$ cat run_16.cif   # mmCIF, C-alpha atoms
data_work
#
loop_
_atom_site.label_atom_id
_atom_site.label_comp_id
_atom_site.auth_asym_id
_atom_site.auth_seq_id
_atom_site.Cartn_x
_atom_site.Cartn_y
_atom_site.Cartn_z
CA MET A 1 10.85 74.07 -93.21
CA ALA A 2 8.03 71.81 -94.47
CA PHE A 3 10.39 68.86 -94.82
CA ILE A 4 11.85 69.48 -91.35
CA ILE A 5 8.37 69.24 -89.85
CA PHE A 6 7.73 66.14 -91.96
CA CYS A 7 10.89 64.48 -90.65
CA LEU A 8 10.07 65.19 -87.04
CA GLY A 9 6.63 63.66 -87.44
CA PHE A 10 7.56 60.64 -89.51
CA GLY A 11 8.91 58.44 -86.74
CA PHE A 12 12.55 58.21 -87.76
CA VAL A 13 14.53 56.05 -85.33
CA GLN A 14 17.86 57.05 -83.88
CA GLY A 15 20.80 54.69 -83.33
CA GLN A 16 20.11 52.40 -86.29
CA THR A 17 23.02 50.78 -88.14
CA MET A 18 23.04 49.49 -91.68
CA GLU A 19 23.19 45.89 -90.44
CA ILE A 20 20.00 46.35 -88.44
CA VAL A 21 18.17 48.24 -91.19
CA PHE A 22 19.21 45.84 -93.97
CA GLY A 23 18.26 42.85 -91.85
CA LYS A 24 14.77 44.26 -91.23
CA MET A 25 14.15 45.22 -94.86
CA PRO A 26 10.77 43.89 -96.07
CA ASN A 27 11.20 41.01 -98.50
CA ASP A 28 9.06 42.71 -101.16
CA ILE A 29 11.61 45.51 -101.57
CA LEU A 30 14.33 43.08 -102.67
CA PHE A 31 12.41 39.86 -103.22
CA LEU A 32 15.41 37.91 -104.55
CA LEU A 33 17.01 37.96 -101.08
CA ASP A 34 14.93 36.99 -98.07
CA SER A 35 15.92 37.92 -94.52
CA ILE A 36 17.83 34.67 -93.95
CA LYS A 37 20.00 35.13 -97.05
CA ARG A 38 20.63 38.77 -96.17
CA GLN A 39 21.80 37.77 -92.71
CA ASP A 40 23.99 35.04 -94.21
CA LEU A 41 25.67 37.64 -96.41
CA MET A 42 26.38 39.94 -93.49
CA ASP A 43 27.68 37.12 -91.31
CA LEU A 44 30.06 35.96 -94.04
CA TYR A 45 31.29 39.51 -94.59
CA LYS A 46 31.95 40.09 -90.89
CA ASP A 47 33.86 36.78 -90.75
CA ASN A 48 36.12 38.04 -93.57
CA LYS A 49 34.82 35.34 -95.90
CA THR A 50 33.57 35.67 -99.46
CA ALA A 51 30.09 37.08 -98.89
CA GLN A 52 28.12 35.33 -101.60
CA VAL A 53 24.80 33.45 -101.64
CA LEU A 54 22.43 32.15 -104.27
CA ASN A 55 19.30 34.27 -104.55
CA THR A 56 15.76 33.11 -105.29
CA PHE A 57 16.48 32.82 -109.03
CA GLU A 58 19.70 30.86 -108.34
CA GLY A 59 21.80 33.86 -109.32
CA LEU A 60 24.85 34.90 -107.34
CA SER A 61 24.48 37.79 -104.90
CA THR A 62 27.62 39.37 -103.47
CA LEU A 63 28.00 41.74 -100.55
CA ARG A 64 30.93 44.01 -101.45
CA GLU A 65 30.89 46.55 -98.63
CA LEU A 66 29.28 46.85 -95.22
CA SER A 67 29.75 49.54 -92.58
CA ASP A 68 27.54 51.22 -90.00
CA ASP A 69 26.05 53.53 -92.63
CA HIS A 70 26.83 52.00 -96.02
CA LEU A 71 26.23 48.76 -97.92
CA LEU A 72 27.05 47.73 -101.48
CA LEU A 73 25.36 44.67 -102.99
CA GLU A 74 25.86 43.15 -106.47
CA MET A 75 23.41 40.85 -108.20
CA GLY A 76 24.40 40.05 -111.78
CA ASN A 77 24.44 43.28 -113.78
CA THR A 78 22.65 45.15 -111.00
CA LYS A 79 24.19 47.03 -108.07
CA TYR A 80 22.39 48.23 -104.97
CA THR A 81 23.85 51.00 -102.83
CA PHE A 82 22.30 51.55 -99.39
CA ALA A 83 23.30 54.68 -97.45
CA LEU A 84 22.13 55.88 -94.05
CA LEU A 85 22.06 59.68 -94.08
CA PRO A 86 22.21 61.83 -90.93
CA MET A 87 19.38 64.30 -90.52
CA ILE A 88 19.06 67.57 -88.62
CA ASN A 89 17.15 65.94 -85.75
CA HIS A 90 20.03 63.49 -85.14
CA SER A 91 18.13 60.58 -86.69
CA LYS A 92 18.75 59.00 -90.09
CA LEU A 93 17.00 58.16 -93.31
CA LEU A 94 17.87 55.58 -95.94
CA CYS A 95 18.86 56.19 -99.55
CA VAL A 96 18.74 53.20 -101.92
CA ILE A 97 20.26 53.42 -105.41
CA GLN A 98 19.62 50.62 -107.91
CA THR A 99 21.91 50.66 -110.94
CA VAL A 100 21.52 48.32 -113.91
CA CYS A 101 24.32 48.15 -116.49
CA ALA A 102 23.37 46.56 -119.81
CA PRO A 103 25.75 47.84 -121.09
CA ALA A 104 25.17 51.53 -120.25
CA CYS A 105 24.39 52.10 -116.58
CA ASP A 106 21.04 53.54 -115.57
CA SER A 107 19.97 54.22 -111.97
CA LYS A 108 16.84 54.60 -109.89
CA ILE A 109 16.84 56.19 -106.46
CA LYS A 110 14.45 55.74 -103.55
CA PHE A 111 14.32 56.97 -99.96
CA TYR A 112 12.94 55.33 -96.84
CA SER A 113 12.72 55.87 -93.11
CA THR A 114 14.77 53.40 -91.07
CA ASP A 115 11.62 51.33 -90.54
CA TRP A 116 11.16 51.16 -94.32
CA LYS A 117 8.34 53.63 -94.87
CA ALA A 118 8.70 55.09 -98.36
CA ILE A 119 9.48 58.82 -98.70
CA ASP A 120 8.73 60.88 -101.80
CA SER A 121 12.13 61.26 -103.49
CA LYS A 122 11.16 64.69 -104.86
CA GLN A 123 11.46 66.08 -101.34
CA LEU A 124 15.06 64.92 -101.12
CA PHE A 125 16.61 64.84 -104.58
CA SER A 126 15.98 66.63 -107.88
CA PRO A 127 18.25 65.19 -110.58
CA ALA A 128 19.67 67.33 -113.36
CA GLY A 129 18.05 67.16 -116.77
CA ALA A 130 19.98 66.05 -119.84
CA GLU A 131 20.59 69.68 -120.85
CA TRP A 132 22.81 70.24 -117.80
CA PHE A 133 25.45 67.96 -119.31
CA LEU A 134 25.91 70.10 -122.41
CA LYS A 135 29.09 72.16 -122.56
CA ASP A 136 27.22 74.93 -124.34
CA ALA A 137 23.48 75.54 -124.23
CA SER A 138 23.61 76.55 -127.89
CA ASP A 139 24.12 72.87 -128.74
CA SER A 140 20.71 71.89 -127.33
CA ASP A 141 18.97 71.61 -130.72
CA TYR A 142 21.79 69.50 -132.13
CA PHE A 143 21.78 67.39 -128.97
CA GLU A 144 18.02 66.78 -129.22
CA THR A 145 18.33 65.87 -132.89
CA MET A 146 21.01 63.31 -132.15
CA LEU A 147 18.94 61.72 -129.40
CA ASN A 148 15.91 61.50 -131.68
CA LYS A 149 18.01 60.12 -134.54
CA SER A 150 19.32 57.46 -132.20
CA ARG A 151 15.76 56.60 -131.08
CA LEU A 152 16.60 57.06 -127.43
CA ASP A 153 13.27 57.65 -125.72
CA ILE A 154 14.79 58.19 -122.28
CA SER A 155 17.99 59.60 -120.86
CA MET A 156 20.30 57.06 -119.24
CA MET A 157 21.33 58.55 -115.90
CA GLU A 158 23.67 56.90 -113.42
CA TYR A 159 23.88 57.88 -109.75
CA ARG A 160 27.01 57.03 -107.77
CA TYR A 161 27.06 57.61 -104.03
CA ASP A 162 30.31 58.77 -102.43
CA LYS A 163 30.24 57.53 -98.84
CA GLU A 164 33.19 59.71 -97.77
CA GLN A 165 31.76 62.97 -99.07
CA GLN A 166 28.08 62.04 -98.72
CA THR A 167 27.42 63.11 -102.27
CA ILE A 168 25.56 61.74 -105.25
CA ASN A 169 27.39 62.05 -108.56
CA GLN A 170 25.06 62.02 -111.55
CA TYR A 171 26.38 60.83 -114.92
CA PHE A 172 24.76 61.08 -118.35
CA ASN A 173 25.19 57.76 -120.20
CA SER A 174 22.86 57.90 -123.20
CA GLN A 175 25.77 58.33 -125.59
CA LEU A 176 26.92 54.80 -124.69
CA MET A 177 23.80 53.38 -126.35
CA ILE A 178 24.51 54.65 -129.87
CA ASP A 179 26.99 53.66 -132.57
CA GLN A 180 30.64 54.70 -132.34
CA ASP A 181 30.57 57.54 -134.88
CA GLU A 182 27.50 59.19 -133.42
CA ARG A 183 28.86 58.64 -129.92
CA LYS A 184 32.02 60.61 -130.67
CA LYS A 185 29.96 63.51 -132.01
CA MET A 186 27.75 63.52 -128.92
CA GLU A 187 30.67 63.25 -126.51
CA SER A 188 32.27 66.30 -128.12
CA ILE A 189 29.42 68.49 -126.86
CA LEU A 190 29.06 66.87 -123.41
CA LYS A 191 30.75 67.83 -120.15
CA SER A 192 33.21 65.26 -118.85
CA GLU A 193 32.39 65.83 -115.17
CA PRO A 194 29.29 64.63 -113.30
CA LYS A 195 26.69 66.78 -111.61
CA ILE A 196 27.45 66.59 -107.88
CA PHE A 197 24.76 66.80 -105.18
CA TYR A 198 25.74 67.33 -101.54
CA TRP A 199 23.76 66.01 -98.59
CA THR A 200 22.70 68.96 -96.40
CA SER A 201 21.01 66.98 -93.60
CA THR A 202 17.64 67.70 -95.20
CA ARG A 203 18.12 66.92 -98.92
CA PHE A 204 20.71 66.59 -101.70
CA GLU A 205 21.52 69.99 -103.20
#
$ encode --input "run_16.cif" --output "C-alpha coordinates"
Amino acid sequence: MAFIIFCLGFGFVQGQTMEIVFGKMPNDILFLLDSIKRQDLMDLYKDNKTAQVLNTFEGLSTLRELSDDHLLLEMGNTKYTFALLPMINHSKLLCVIQTVCAPACDSKIKFYSTDWKAIDSKQLFSPAGAEWFLKDASDSDYFETMLNKSRLDISMMEYRYDKEQQTINQYFNSQLMIDQDERKKMESILKSEPKIFYWTSTRFE
(Lines of atoms letter the chains of each structure in order from A and count residues from 1; the text may use other names and numbers.)
(Lines give C-alpha, C1' and ligand atoms only; values in the text may rest on other atoms or scores of the structure.)
Protein backbone atom coordinates (compact mmCIF):
# COMPACT_ATOMS: atom_id res chain seq x y z
CA MET A 1 0.00 0.00 0.00
CA ALA A 2 2.86 2.41 0.80
CA PHE A 3 4.24 2.14 -2.73
CA ILE A 4 0.78 2.65 -4.24
CA ILE A 5 0.45 5.93 -2.34
CA PHE A 6 3.98 6.84 -3.40
CA CYS A 7 3.15 6.23 -7.07
CA LEU A 8 0.01 8.33 -6.95
CA GLY A 9 1.92 11.23 -5.45
CA PHE A 10 5.03 11.05 -7.58
CA GLY A 11 3.70 12.72 -10.70
CA PHE A 12 3.85 9.83 -13.15
CA VAL A 13 2.64 10.87 -16.60
CA GLN A 14 0.20 8.86 -18.64
CA GLY A 15 0.40 8.36 -22.41
CA GLN A 16 4.19 8.44 -22.68
CA THR A 17 5.93 6.32 -25.32
CA MET A 18 9.50 5.11 -25.28
CA GLU A 19 10.43 7.49 -28.10
CA ILE A 20 9.25 10.48 -26.07
CA VAL A 21 10.85 9.31 -22.82
CA PHE A 22 14.18 8.37 -24.42
CA GLY A 23 14.30 11.67 -26.29
CA LYS A 24 13.79 13.64 -23.07
CA MET A 25 16.34 11.65 -21.06
CA PRO A 26 18.78 13.99 -19.25
CA ASN A 27 22.22 13.90 -20.84
CA ASP A 28 23.92 13.08 -17.53
CA ILE A 29 22.16 9.70 -17.35
CA LEU A 30 23.79 8.52 -20.58
CA PHE A 31 26.40 11.18 -21.23
CA LEU A 32 27.89 9.44 -24.29
CA LEU A 33 24.71 10.15 -26.27
CA ASP A 34 23.25 13.65 -26.24
CA SER A 35 19.65 14.36 -27.24
CA ILE A 36 20.55 15.02 -30.88
CA LYS A 37 22.33 11.69 -31.30
CA ARG A 38 19.50 9.86 -29.54
CA GLN A 39 16.99 11.40 -31.93
CA ASP A 40 19.22 10.52 -34.89
CA LEU A 41 19.22 6.89 -33.77
CA MET A 42 15.45 6.77 -33.49
CA ASP A 43 14.94 8.48 -36.84
CA LEU A 44 17.26 6.02 -38.58
CA TYR A 45 15.51 3.08 -36.94
CA LYS A 46 12.05 4.28 -37.98
CA ASP A 47 13.32 4.75 -41.55
CA ASN A 48 14.43 1.09 -41.56
CA LYS A 49 18.07 2.12 -41.84
CA THR A 50 21.05 0.93 -39.83
CA ALA A 51 20.57 2.87 -36.60
CA GLN A 52 24.15 3.68 -35.68
CA VAL A 53 25.92 6.87 -34.59
CA LEU A 54 29.28 7.76 -33.11
CA ASN A 55 29.03 8.66 -29.43
CA THR A 56 31.03 11.27 -27.53
CA PHE A 57 34.07 8.96 -27.26
CA GLU A 58 33.87 8.14 -31.00
CA GLY A 59 32.57 4.66 -30.23
CA LEU A 60 29.74 3.10 -32.19
CA SER A 61 26.27 3.16 -30.64
CA THR A 62 23.57 0.97 -32.16
CA LEU A 63 19.83 1.04 -31.60
CA ARG A 64 18.69 -2.59 -31.92
CA GLU A 65 15.03 -2.38 -30.93
CA LEU A 66 12.45 0.36 -30.49
CA SER A 67 8.75 0.06 -29.72
CA ASP A 68 6.22 2.05 -27.72
CA ASP A 69 7.41 0.49 -24.46
CA HIS A 70 10.83 -1.04 -25.14
CA LEU A 71 14.27 0.03 -26.38
CA LEU A 72 17.53 -1.88 -26.72
CA LEU A 73 20.79 0.04 -27.18
CA GLU A 74 24.32 -1.35 -27.64
CA MET A 75 27.51 0.58 -26.99
CA GLY A 76 30.63 -1.56 -27.30
CA ASN A 77 30.48 -4.30 -24.66
CA THR A 78 27.60 -2.58 -22.88
CA LYS A 79 23.87 -3.04 -23.48
CA TYR A 80 21.09 -0.81 -22.22
CA THR A 81 17.53 -2.09 -21.96
CA PHE A 82 14.79 0.49 -21.39
CA ALA A 83 11.30 -0.76 -20.52
CA LEU A 84 8.14 1.21 -19.78
CA LEU A 85 6.11 -0.71 -17.20
CA PRO A 86 2.35 -0.25 -16.69
CA MET A 87 1.28 0.62 -13.17
CA ILE A 88 -1.96 0.17 -11.27
CA ASN A 89 -2.98 3.81 -11.75
CA HIS A 90 -2.77 3.43 -15.56
CA SER A 91 0.49 5.39 -15.76
CA LYS A 92 3.96 3.99 -16.36
CA LEU A 93 7.42 3.91 -14.86
CA LEU A 94 10.76 3.26 -16.50
CA CYS A 95 13.13 0.37 -15.86
CA VAL A 96 16.71 0.74 -17.14
CA ILE A 97 19.09 -2.24 -17.16
CA GLN A 98 22.77 -1.69 -17.93
CA THR A 99 24.70 -4.87 -18.72
CA VAL A 100 28.47 -4.96 -19.23
CA CYS A 101 30.05 -8.14 -20.64
CA ALA A 102 33.81 -8.42 -20.17
CA PRO A 103 33.63 -11.37 -20.66
CA ALA A 104 31.07 -12.42 -18.02
CA CYS A 105 27.95 -10.25 -18.05
CA ASP A 106 27.08 -8.18 -15.00
CA SER A 107 24.03 -5.91 -14.73
CA LYS A 108 22.81 -2.88 -12.82
CA ILE A 109 19.16 -1.89 -12.65
CA LYS A 110 17.57 1.49 -12.03
CA PHE A 111 14.03 2.84 -12.05
CA TYR A 112 12.69 6.27 -12.98
CA SER A 113 9.42 8.10 -13.43
CA THR A 114 8.68 9.04 -17.03
CA ASP A 115 10.06 12.52 -16.35
CA TRP A 116 13.31 10.94 -15.15
CA LYS A 117 13.02 11.29 -11.39
CA ALA A 118 14.97 8.46 -9.77
CA ILE A 119 13.05 5.85 -7.76
CA ASP A 120 14.60 3.67 -5.06
CA SER A 121 15.03 0.28 -6.75
CA LYS A 122 14.48 -1.54 -3.44
CA GLN A 123 10.80 -0.60 -3.64
CA LEU A 124 10.47 -2.34 -6.99
CA PHE A 125 12.99 -5.17 -7.22
CA SER A 126 14.81 -7.40 -4.74
CA PRO A 127 17.29 -9.62 -6.59
CA ALA A 128 18.07 -13.14 -5.45
CA GLY A 129 21.28 -13.75 -3.55
CA ALA A 130 23.95 -16.11 -4.84
CA GLU A 131 22.66 -18.92 -2.60
CA TRP A 132 19.40 -19.11 -4.57
CA PHE A 133 21.29 -20.52 -7.55
CA LEU A 134 22.53 -23.56 -5.64
CA LYS A 135 20.84 -26.86 -6.47
CA ASP A 136 21.18 -27.94 -2.85
CA ALA A 137 21.57 -25.65 0.14
CA SER A 138 23.96 -28.19 1.68
CA ASP A 139 26.54 -27.10 -0.91
CA SER A 140 26.68 -23.54 0.47
CA ASP A 141 29.95 -24.00 2.38
CA TYR A 142 31.63 -25.58 -0.64
CA PHE A 143 30.23 -22.82 -2.84
CA GLU A 144 31.57 -20.09 -0.55
CA THR A 145 34.98 -21.77 -0.42
CA MET A 146 35.19 -21.89 -4.20
CA LEU A 147 34.28 -18.22 -4.52
CA ASN A 148 36.91 -17.25 -1.95
CA LYS A 149 39.52 -19.47 -3.59
CA SER A 150 38.79 -17.78 -6.89
CA ARG A 151 39.12 -14.32 -5.25
CA LEU A 152 35.73 -13.22 -6.48
CA ASP A 153 34.75 -10.36 -4.19
CA ILE A 154 31.33 -9.85 -5.79
CA SER A 155 28.73 -12.00 -7.47
CA MET A 156 28.29 -11.41 -11.20
CA MET A 157 24.56 -11.12 -11.79
CA GLU A 158 22.94 -10.55 -15.17
CA TYR A 159 19.39 -9.27 -15.61
CA ARG A 160 17.56 -9.92 -18.88
CA TYR A 161 14.21 -8.28 -19.51
CA ASP A 162 11.57 -10.24 -21.42
CA LYS A 163 9.36 -7.66 -23.13
CA GLU A 164 6.66 -10.22 -24.03
CA GLN A 165 6.24 -11.61 -20.52
CA GLN A 166 7.27 -8.44 -18.65
CA THR A 167 9.71 -10.41 -16.56
CA ILE A 168 13.28 -10.02 -15.39
CA ASN A 169 15.39 -13.16 -15.61
CA GLN A 170 18.33 -13.13 -13.23
CA TYR A 171 21.42 -15.20 -14.07
CA PHE A 172 24.41 -16.03 -11.88
CA ASN A 173 27.62 -15.60 -13.91
CA SER A 174 30.48 -15.66 -11.40
CA GLN A 175 31.56 -19.13 -12.54
CA LEU A 176 32.49 -17.62 -15.93
CA MET A 177 35.30 -15.65 -14.25
CA ILE A 178 37.30 -18.63 -12.99
CA ASP A 179 39.49 -21.23 -14.69
CA GLN A 180 37.94 -24.12 -16.62
CA ASP A 181 38.47 -26.87 -14.02
CA GLU A 182 37.05 -24.86 -11.15
CA ARG A 183 34.22 -23.66 -13.38
CA LYS A 184 33.07 -27.21 -14.09
CA LYS A 185 33.02 -27.99 -10.37
CA MET A 186 31.00 -24.87 -9.61
CA GLU A 187 28.56 -25.45 -12.47
CA SER A 188 27.86 -28.94 -11.15
CA ILE A 189 26.26 -27.47 -8.02
CA LEU A 190 24.42 -24.57 -9.74
CA LYS A 191 20.89 -24.49 -11.13
CA SER A 192 20.70 -24.17 -14.90
CA GLU A 193 17.59 -21.97 -14.90
CA PRO A 194 17.41 -18.26 -14.01
CA LYS A 195 15.43 -16.71 -11.19
CA ILE A 196 12.34 -15.16 -12.81
CA PHE A 197 10.64 -12.03 -11.49
CA TYR A 198 7.18 -11.05 -12.77
CA TRP A 199 5.95 -7.47 -13.02
CA THR A 200 2.79 -7.11 -10.89
CA SER A 201 1.97 -3.47 -11.74
CA THR A 202 3.61 -2.40 -8.47
CA ARG A 203 6.94 -4.28 -8.37
CA PHE A 204 8.81 -7.33 -9.69
CA GLU A 205 7.99 -10.41 -7.61
$ closest_atom_pairs --input "run_16.cif" --of "stretch 11-90 of chain A" --to "stretch 198-201 of chain A" --cutoff "8 Å" --atoms "all atoms listed in the file" --output "CSV"
residue,atom,partner,partner_atom,distance
A:Leu85,CA,A:Ser201,CA,7.4
A:Pro86,CA,A:Ser201,CA,5.9
A:Met87,CA,A:Ser201,CA,4.4
A:Ile88,CA,A:Ser201,CA,5.4
$ resolve_selection --input "run_16.cif" --expression "the PyMOL selection byres ((chain A and resi 77) around 7)" --output "list in words"
Met75, Gly76, Thr78, Lys79, Val100, Cys101 and Ala102 of chain A
$ closest_residue --input "run_16.cif" --among "A:Asp69, A:Asp115, A:Glu144, A:Glu19" --to "A:Asp40" --atoms "all atoms listed in the file"
A:Glu19
$ resolve_selection --input "run_16.cif" --expression "the PyMOL selection byres ((chain A and resi 139) around 12)" --output "VMD selection string"
chain A and resid 130 to 138 140 to 146 185 to 191
$ write_last_selection --input "run_16.cif" --atoms "C-alpha atoms" --output "PDB file, keeping the file's coordinate frame"
ATOM      1  CA  ALA A 130      19.980  66.050-119.840  1.00  0.00           C
ATOM      2  CA  GLU A 131      20.590  69.680-120.850  1.00  0.00           C
ATOM      3  CA  TRP A 132      22.810  70.240-117.800  1.00  0.00           C
ATOM      4  CA  PHE A 133      25.450  67.960-119.310  1.00  0.00           C
ATOM      5  CA  LEU A 134      25.910  70.100-122.410  1.00  0.00           C
ATOM      6  CA  LYS A 135      29.090  72.160-122.560  1.00  0.00           C
ATOM      7  CA  ASP A 136      27.220  74.930-124.340  1.00  0.00           C
ATOM      8  CA  ALA A 137      23.480  75.540-124.230  1.00  0.00           C
ATOM      9  CA  SER A 138      23.610  76.550-127.890  1.00  0.00           C
ATOM     10  CA  SER A 140      20.710  71.890-127.330  1.00  0.00           C
ATOM     11  CA  ASP A 141      18.970  71.610-130.720  1.00  0.00           C
ATOM     12  CA  TYR A 142      21.790  69.500-132.130  1.00  0.00           C
ATOM     13  CA  PHE A 143      21.780  67.390-128.970  1.00  0.00           C
ATOM     14  CA  GLU A 144      18.020  66.780-129.220  1.00  0.00           C
ATOM     15  CA  THR A 145      18.330  65.870-132.890  1.00  0.00           C
ATOM     16  CA  MET A 146      21.010  63.310-132.150  1.00  0.00           C
ATOM     17  CA  LYS A 185      29.960  63.510-132.010  1.00  0.00           C
ATOM     18  CA  MET A 186      27.750  63.520-128.920  1.00  0.00           C
ATOM     19  CA  GLU A 187      30.670  63.250-126.510  1.00  0.00           C
ATOM     20  CA  SER A 188      32.270  66.300-128.120  1.00  0.00           C
ATOM     21  CA  ILE A 189      29.420  68.490-126.860  1.00  0.00           C
ATOM     22  CA  LEU A 190      29.060  66.870-123.410  1.00  0.00           C
ATOM     23  CA  LYS A 191      30.750  67.830-120.150  1.00  0.00           C
TER      24      LYS A 191
END
$ residues_around --input "run_16.cif" --residues "A:Arg203" --least-positions-apart "6" --cutoff "9 Å" --atoms "all atoms listed in the file" --output "list of chain:residue names"
A:Phe3, A:Met87, A:Gln123, A:Leu124, A:Phe125
$ resolve_selection --input "run_16.cif" --expression "the PyMOL selection byres ((chain A and resi 41) around 8)" --output "ChimeraX atom specification"
/A:37-40,42-45,51-53,62-63
$ atom_distance --input "run_16.cif" --atom1 "atom CA of A:Pro103" --atom2 "atom CA of A:Arg160"
16.2 Å
$ atom_distance --input "run_16.cif" --atom1 "atom CA of A:Pro194" --atom2 "atom CA of A:Leu94"
22.7 Å
$ closest_residue --input "run_16.cif" --among "A:Ala83, A:Leu54, A:Val21, A:Ile36" --to "A:Glu164" --atoms "all atoms listed in the file"
A:Ala83
$ residues_around --input "run_16.cif" --residues "A:Ser67" --least-positions-apart "2" --cutoff "9 Å" --atoms "only C-alpha atoms" --output "list in words"
Thr17, Met18, Glu19, Glu65, Asp69, His70 and Leu71 of chain A
$ atom_distance --input "run_16.cif" --atom1 "atom CA of A:Glu158" --atom2 "atom CA of A:Lys122"
17.0 Å
$ closest_residue --input "run_16.cif" --among "A:Phe197, A:Phe57, A:Tyr159, A:Tyr112" --to "A:Tyr171" --atoms "only C-alpha atoms"
A:Tyr159
$ closest_residue --input "run_16.cif" --among "A:Ala128, A:Leu84, A:Cys105, A:Leu33" --to "A:Asn173" --atoms "all atoms listed in the file"
A:Cys105
$ closest_residue --input "run_16.cif" --among "A:Asn27, A:Gln98, A:Gln16, A:Asn89" --to "A:Phe111" --atoms "only C-alpha atoms"
A:Gln98
$ closest_residue --input "run_16.cif" --among "A:Ser35, A:Thr114, A:Met157, A:Leu60" --to "A:Ser91" --atoms "all atoms listed in the file"
A:Thr114
$ residues_around --input "run_16.cif" --residues "A:Thr167" --least-positions-apart "2" --cutoff "8 Å" --atoms "all atoms listed in the file" --output "list in words"
Tyr161, Asp162, Lys163, Gln165, Asn169, Ile196, Phe197, Tyr198, Trp199 and Phe204 of chain A
$ build_atoms --input "run_16.cif" --residues "stretch 79-90 of chain A" --atoms "all heavy atoms" --output "short mmCIF file (atom, residue, chain, number, x, y, z; two decimals), in the frame of the given file"
data_model
loop_
_atom_site.label_atom_id
_atom_site.label_comp_id
_atom_site.auth_asym_id
_atom_site.auth_seq_id
_atom_site.Cartn_x
_atom_site.Cartn_y
_atom_site.Cartn_z
N LYS A 79 23.56 46.65 -109.35
CA LYS A 79 24.19 47.03 -108.07
C LYS A 79 23.17 47.78 -107.22
O LYS A 79 22.40 48.59 -107.74
CB LYS A 79 25.42 47.90 -108.30
CG LYS A 79 26.58 47.22 -108.99
CD LYS A 79 27.83 48.10 -108.97
CE LYS A 79 27.60 49.40 -109.71
NZ LYS A 79 28.85 50.22 -109.81
N TYR A 80 23.23 47.52 -105.92
CA TYR A 80 22.39 48.23 -104.97
C TYR A 80 23.30 48.92 -103.95
O TYR A 80 24.11 48.28 -103.30
CB TYR A 80 21.45 47.29 -104.22
CG TYR A 80 20.39 46.65 -105.09
CD1 TYR A 80 20.65 45.45 -105.76
CD2 TYR A 80 19.14 47.25 -105.25
CE1 TYR A 80 19.68 44.86 -106.55
CE2 TYR A 80 18.17 46.66 -106.05
CZ TYR A 80 18.44 45.46 -106.69
OH TYR A 80 17.49 44.87 -107.49
N THR A 81 23.14 50.23 -103.83
CA THR A 81 23.85 51.00 -102.83
C THR A 81 22.86 51.46 -101.77
O THR A 81 21.84 52.08 -102.09
CB THR A 81 24.54 52.23 -103.44
OG1 THR A 81 25.49 51.80 -104.42
CG2 THR A 81 25.27 53.04 -102.37
N PHE A 82 23.13 51.13 -100.52
CA PHE A 82 22.30 51.55 -99.39
C PHE A 82 23.13 52.52 -98.55
O PHE A 82 24.26 52.21 -98.17
CB PHE A 82 21.89 50.36 -98.53
CG PHE A 82 21.03 49.34 -99.22
CD1 PHE A 82 21.59 48.42 -100.10
CD2 PHE A 82 19.67 49.27 -98.98
CE1 PHE A 82 20.81 47.47 -100.73
CE2 PHE A 82 18.88 48.32 -99.61
CZ PHE A 82 19.44 47.42 -100.49
N ALA A 83 22.57 53.68 -98.24
CA ALA A 83 23.30 54.68 -97.45
C ALA A 83 22.38 55.26 -96.38
O ALA A 83 21.27 55.70 -96.68
CB ALA A 83 23.82 55.79 -98.35
N LEU A 84 22.84 55.21 -95.14
CA LEU A 84 22.13 55.88 -94.05
C LEU A 84 22.63 57.31 -93.95
O LEU A 84 23.83 57.55 -93.80
CB LEU A 84 22.38 55.15 -92.73
CG LEU A 84 21.55 53.89 -92.48
CD1 LEU A 84 22.05 53.17 -91.23
CD2 LEU A 84 20.07 54.23 -92.35
N LEU A 85 21.71 58.27 -94.04
CA LEU A 85 22.06 59.68 -94.08
C LEU A 85 21.63 60.37 -92.79
O LEU A 85 20.48 60.24 -92.36
CB LEU A 85 21.38 60.35 -95.27
CG LEU A 85 21.72 59.77 -96.65
CD1 LEU A 85 20.77 60.34 -97.71
CD2 LEU A 85 23.16 60.04 -97.01
N PRO A 86 22.56 61.12 -92.17
CA PRO A 86 22.21 61.83 -90.93
C PRO A 86 21.30 63.01 -91.23
O PRO A 86 21.47 63.72 -92.21
CB PRO A 86 23.58 62.30 -90.41
CG PRO A 86 24.42 62.44 -91.64
CD PRO A 86 23.97 61.34 -92.56
N MET A 87 20.33 63.20 -90.35
CA MET A 87 19.38 64.30 -90.52
C MET A 87 19.56 65.34 -89.41
O MET A 87 20.28 65.12 -88.45
CB MET A 87 17.95 63.75 -90.54
CG MET A 87 17.68 62.92 -91.78
SD MET A 87 16.18 61.91 -91.67
CE MET A 87 15.04 62.98 -90.87
N ILE A 88 18.88 66.45 -89.55
CA ILE A 88 19.06 67.57 -88.62
C ILE A 88 18.58 67.26 -87.21
O ILE A 88 19.00 67.89 -86.26
CB ILE A 88 18.35 68.83 -89.15
CG1 ILE A 88 16.87 68.55 -89.40
CG2 ILE A 88 19.02 69.35 -90.41
CD1 ILE A 88 16.08 69.79 -89.72
N ASN A 89 17.66 66.28 -87.08
CA ASN A 89 17.15 65.94 -85.75
C ASN A 89 17.89 64.75 -85.15
O ASN A 89 17.38 64.07 -84.27
CB ASN A 89 15.65 65.64 -85.82
CG ASN A 89 15.33 64.51 -86.78
OD1 ASN A 89 16.19 64.08 -87.54
ND2 ASN A 89 14.12 64.02 -86.75
N HIS A 90 19.12 64.52 -85.65
CA HIS A 90 20.03 63.49 -85.14
C HIS A 90 19.53 62.06 -85.39
O HIS A 90 20.04 61.12 -84.80
CB HIS A 90 20.30 63.68 -83.64
CG HIS A 90 20.82 65.04 -83.30
ND1 HIS A 90 22.05 65.49 -83.72
CD2 HIS A 90 20.26 66.07 -82.61
CE1 HIS A 90 22.24 66.72 -83.29
NE2 HIS A 90 21.17 67.09 -82.62
#
